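Report on one structure; see the data block that follows.
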Amino acid sequence: METAENRAFFNQYREADETWLERLRRELNEAQFSFATSDAEVILGLAGPGSGKTCALVYRAAHLIKCGVPPQQILLLTFTNKAAEEMKERLGRLLASLPEGLWAGTFHSIGARILRRHAELFRRRSNFTILDEDDSSSLFKQAVAALSHVLDEEERRLFLKRGLLGRIISRARNSEMSIREVIEEEYSFALDYIPVVEELARLYEQKKEESNAFDFDDLLLRWLELFQEHPAIREEYRQRFAHVLVDEFQDTNIVQARLVDQFAGAASLCAVGDDAQSIYAFRYAHVGNILSFPEKYPHAQVIRMEQNYRSTPEIVALANASIAFNRVQLPKKLFSKNPPGEKPVVVGARNAREEALYVLDRIQALCRGGLSLSDIAVLYRSSYLSTELELALVRQGVPYRTYGGVKFLQKSHIKDVLAYLKVLHNPADAEAWRRLVLLHPGLGPATFERLWSALRESGNPLGAAISGKYAPARGKEGWASLCRALAELHAHADAGGGEGVDSLIKLILDCSYGQILRRNYPDQYEERMRGIERLAENASRYGSLGAFLESLALDDSLFEGDSEEEAAGSGSDCLTLSTIHSAKGKEWEAVFVIGLNEGSFPSRRSEDQDLAEERRLFYVAVTRAKRHLYLSTYWESSRGYDLLAGGPSLFLKELPRECFTPVLAEEAVWGF
DNA sequence: AAAAATAAATTTTTT
DNA sequence: ATTTATTTTT
């Protein structure tokens, strides 16, 4: 009914304000226009890269608001936080100001937001911790240790190796399969261990509950469970959100699709995506979601957007030629009417260093030709492929920023500081306690276990620690100093209230972690200190500790890049280095895709069925380019485990000859 | 028995 | 460079 009301509003508006509609007509093409203004209840936008699907989604949201839909009735689901931010910003620009009350975020962050309000239904409190992958694998390790009477050493190692256990369990949870089914289908070597894995999963759940914590999967699954088992709550949200808009639908998994389904009937649903750009199978993305969408919703209006506005016809031709090798896909004919440009260049280099020198040389040439560094990006399959280039860039003093790859958050000193904050915010967080305790000399894992079980028994771990009643047999001084620090921090956090997270971090350094840092990293003390200061700067923008920890858990893009970028002056004109996954949705005038070697890309770890996914990844990479595209490969591997650099990637070899211009790097690099 | 010190190994992609 | 396995020290 509510949607009908909105629709009435909508139609009334349609006649009332011609200028907004005129603007839409001017700025959008036919398909985008009908997408943005359609009043169908279910809409699917099938759109190729560079066709402006995100743009259409933003305009649709703006249009709804222009038509009088209150912003708080709109739920905008994106795949990355970056995308959510970008949409909000574009929406703000379109409407002159950012609408208040609109919910825009990733499935995970919206899930966290909703679950904070209903945490008690899952025996959690609203200050629950969100576990990252390291945290969960640590819990798995403890669960495995608890079953040491069943598993011998070799078996224990098997399960912990490369997160096998986590992958099995996560796979089961995200694909609506039982652990038995997952093992039977994909891990047949573990058939004998099905009951063991089931028991481990139970132990893991129990540990999460004890720690008042959710992992990433919980944020989706428990959200779904909330809606399925509490119809009244579900109805509340169905009433609230009259419009649900989903970006990058091809990357949703089964649970996420079910979450969208929960709104069907009450809200108008609208999703955009491109099956050819599905690159998150490793996170259980299910392309079937987008392929079968029209069957699930027979009344859905399907709008195709096939014109590419981003790239030259030459680049589009290469992309089309490559993706055509994937047999299972929706037929699409991406085309570009842009003025022609140069053919993409395929570069062969002897080794990574020569490749780096070539790329550097071309970047400098492009800059002389009038491009600025921010118009250029270098993309790669895996983060290690960027090291040679980074060396060359630093030598030449070219400023750059990296996306994806080694995480700022994974730096140990940052995690140490965060452990203090987590203990303060959620004193049940066993992982955080463990980290803090082990920082101190004389305190090891065994002592931690004893201390922790005592603290947990008390029902108020933080209070118990501060009271000083508990003391370990060894490492008394370390424990005492930790307790003093926590007492001080707790008092400060309590008194401060709105004091700001940054002052809390400063206090952590002053009363405890400063000395520990100096002791543990005598050589890098200064550098790491600067990293923590940057953390504090970022923290100052958050109103509460909870908000800060949550956005840290769900969005590390805040901390991408590191000290190199500082030297270059942040915000200034700089080159982009990015994994292809992190480059999704972006575009640059000139794009270099490096390390296109058989074995690296497609990754040798991928199996046959993954080859299509790797090719889609290649497709995403090349379609980031507007005018200049360079694809490079090298054949001598310089590093030990980079071994088997097996010559040019299949994705280069299979390209029709007329698509590109071949070049040998040595002629350009050593030419004179 | 536990913790500290030393040696070895490990890196796809991300919420 | 940081986690993880192994040895040495307390």
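A note on labels: chains of the structure tokens are A, B, ... as shown, every chain counts residues from 1, and ligands are counted from 1 in their shown order.
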Write out as JSON lines a residue-level contact list of chain C versus stretch 5-14 of chain B with cut-off 8 Å: for each qualifying residue the closest pair of atoms and the distance in Å to one decimal, counting only C-alpha atoms (C1' of nucleotides), rows sorted by chain and residue number upward.
{"residue": "C:DT4", "atom": "C1'", "partner": "B:DA9", "partner_atom": "C1'", "distance": 7.7}
{"residue": "C:DA5", "atom": "C1'", "partner": "B:DA8", "partner_atom": "C1'", "distance": 7.3}
{"residue": "C:DT6", "atom": "C1'", "partner": "B:DA7", "partner_atom": "C1'", "distance": 7.2}
{"residue": "C:DT7", "atom": "C1'", "partner": "B:DT6", "partner_atom": "C1'", "distance": 7.3}
{"residue": "C:DT8", "atom": "C1'", "partner": "B:DA5", "partner_atom": "C1'", "distance": 7.1}
Restrict the selected residues to N, CA and C atoms (P, O5', C5', C4', C3', O3' and C1' of nucleotides) and save them as a JSON list (two decimals), in the first residue's frame.
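Ended up saving to part_6.json:
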[["chain", "number", "residue", "atom", "x", "y", "z"],
["C", 4, "DT", "P", 49.88, -18.33, 12.42],
["C", 4, "DT", "O5'", 51.25, -19.12, 12.24],
["C", 4, "DT", "C5'", 51.46, -19.94, 11.09],
["C", 4, "DT", "C4'", 52.58, -20.92, 11.41],
["C", 4, "DT", "C3'", 52.31, -21.74, 12.66],
["C", 4, "DT", "O3'", 52.36, -23.10, 12.28],
["C", 4, "DT", "C1'", 54.48, -20.76, 12.72],
["C", 5, "DA", "P", 52.64, -24.37, 12.91],
["C", 5, "DA", "O5'", 54.23, -24.56, 12.97],
["C", 5, "DA", "C5'", 54.92, -25.06, 11.85],
["C", 5, "DA", "C4'", 56.34, -25.40, 12.23],
["C", 5, "DA", "C3'", 56.48, -26.46, 13.33],
["C", 5, "DA", "O3'", 57.51, -27.36, 12.94],
["C", 5, "DA", "C1'", 57.61, -24.47, 13.98],
["C", 6, "DT", "P", 58.06, -28.48, 13.89],
["C", 6, "DT", "O5'", 59.33, -27.79, 14.57],
["C", 6, "DT", "C5'", 60.41, -27.34, 13.75],
["C", 6, "DT", "C4'", 61.56, -26.89, 14.64],
["C", 6, "DT", "C3'", 61.88, -27.85, 15.78],
["C", 6, "DT", "O3'", 63.26, -28.16, 15.76],
["C", 6, "DT", "C1'", 61.63, -25.63, 16.60],
["C", 7, "DT", "P", 63.89, -29.09, 16.84],
["C", 7, "DT", "O5'", 64.65, -28.03, 17.75],
["C", 7, "DT", "C5'", 65.67, -27.22, 17.17],
["C", 7, "DT", "C4'", 66.11, -26.17, 18.16],
["C", 7, "DT", "C3'", 66.76, -26.72, 19.43],
["C", 7, "DT", "O3'", 68.00, -26.05, 19.63],
["C", 7, "DT", "C1'", 65.05, -25.18, 19.99],
["C", 8, "DT", "P", 68.94, -26.47, 20.77],
["C", 8, "DT", "O5'", 68.70, -25.30, 21.82],
["C", 8, "DT", "C5'", 68.94, -23.95, 21.41],
["C", 8, "DT", "C4'", 68.58, -23.03, 22.55],
["C", 8, "DT", "C3'", 69.24, -23.41, 23.89],
["C", 8, "DT", "O3'", 69.90, -22.26, 24.38],
["C", 8, "DT", "C1'", 66.90, -23.11, 24.16]]
Chain A residues near chain C within 12 Å, closest pair each, using only C-alpha atoms (C1' of nucleotides), as CSV:
residue,atom,partner,partner_atom,distance
A:Asp134,CA,C:DT3,C1',10.8
A:Ser138,CA,C:DT3,C1',11.9
A:Arg157,CA,C:DT4,C1',11.3
A:Leu160,CA,C:DT4,C1',11.4
A:Lys161,CA,C:DT4,C1',10.9
A:Arg162,CA,C:DT3,C1',11.9
A:Val406,CA,C:DA1,C1',10.4
A:Gln410,CA,C:DT2,C1',9.1
A:Lys411,CA,C:DT2,C1',8.3
A:Ser412,CA,C:DT2,C1',8.0
A:His413,CA,C:DT2,C1',11.3
A:Gly442,CA,C:DT10,C1',10.5
A:Arg474,CA,C:DT10,C1',11.4
Legend entry - Residue list for chain A near chain B as a VMD selection string, 9 Å, only C-alpha atoms (C1' of nucleotides): chain A and resid 79 to 80 106 to 109 216 to 217 279 to 280 282 to 283 381 to 384 404 441 to 447 553 to 555 579 to 582 603 605
Legend entry - alpha helix (DSSP H) per DSSP on the backbone: members of stretch 100-319 of chain A, as a VMD selection string: chain A and resid 107 to 117 133 to 146 153 to 160 164 to 174 179 to 186 194 to 210 216 to 229 231 to 240 254 to 261 288 to 291 293 to 296 313 to 319
Inset, instruction - Could you give me, as a list in words, each residue of stretch 78-314 of chain A that DSSP assigns to strand (DSSP E) when run on this structure's backbone? - result: Thr78, Trp103, Ala104, Gly105, Thr106, Thr129, Ile130, Leu131, Ala213, Phe214, Asp215, His243, Val244, Leu245, Val246, Ser268, Leu269, Cys270, Ala271, Val272, Gly273, Gln301, Val302, Ile303, Arg304, Met305, Gln307 and Asn308 of chain A
Selected residues written out, C-alpha atoms, as a short mmCIF file (atom, residue, chain, number, x, y, z; two decimals), in the first residue's frame:
data_model
loop_
_atom_site.label_atom_id
_atom_site.label_comp_id
_atom_site.auth_asym_id
_atom_site.auth_seq_id
_atom_site.Cartn_x
_atom_site.Cartn_y
_atom_site.Cartn_z
CA THR A 78 26.36 -2.14 -2.41
CA TRP A 103 20.53 3.69 4.49
CA ALA A 104 23.39 2.88 2.15
CA GLY A 105 26.03 0.29 2.80
CA THR A 106 27.28 -3.20 2.20
CA THR A 129 32.69 -7.52 18.29
CA ILE A 130 32.94 -8.29 14.59
CA LEU A 131 35.62 -10.93 14.12
CA ALA A 213 31.09 -11.70 18.85
CA PHE A 214 29.84 -12.29 15.32
CA ASP A 215 31.93 -13.22 12.32
CA HIS A 243 12.56 0.77 -2.02
CA VAL A 244 15.46 -1.62 -2.01
CA LEU A 245 18.21 -1.00 -4.55
CA VAL A 246 21.10 -3.41 -5.06
CA SER A 268 9.98 -2.18 -4.91
CA LEU A 269 13.13 -4.11 -5.70
CA CYS A 270 15.71 -3.03 -8.15
CA ALA A 271 19.05 -4.60 -8.92
CA VAL A 272 21.81 -4.00 -11.41
CA GLY A 273 24.66 -6.24 -12.40
CA GLN A 301 11.13 -5.45 -15.95
CA VAL A 302 14.50 -6.26 -17.47
CA ILE A 303 16.43 -3.34 -18.86
CA ARG A 304 19.61 -3.88 -20.82
CA MET A 305 22.34 -1.31 -21.01
CA GLN A 307 26.34 0.85 -24.83
CA ASN A 308 29.73 1.50 -23.32
#
Inset, instruction - Name all residues at most 10 Å from A:Ala190 (count only C-alpha atoms (C1' of nucleotides); drop same-chain ones fewer than 4 positions away) and give them as an MDAnalysis selection string. - result: chainID A and resid 158:159 180 183:184 186 194 196:197
What would the file look like if the residues just selected were written as a CSV table (one decimal), in the first residue's frame with C-alpha atoms?
chain,number,residue,atom,x,y,z
A,158,LEU,CA,45.5,-30.7,8.3
A,159,PHE,CA,42.5,-28.8,9.6
A,180,ARG,CA,28.4,-33.2,5.2
A,183,ILE,CA,32.8,-32.3,2.4
A,184,GLU,CA,31.2,-34.8,0.2
A,186,GLU,CA,34.5,-30.6,-2.4
A,194,ILE,CA,32.5,-35.2,9.0
A,196,VAL,CA,34.6,-34.0,13.9
A,197,VAL,CA,34.1,-31.0,11.7
Inset, instruction - Take atom CA of A:Tyr420 and atom CA of A:Trp433 and report the distance between them in Å, one decimal. - result: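 Atom-to-atom, atom CA of A:Tyr420 to atom CA of A:Trp433, that is 8.0 Å.
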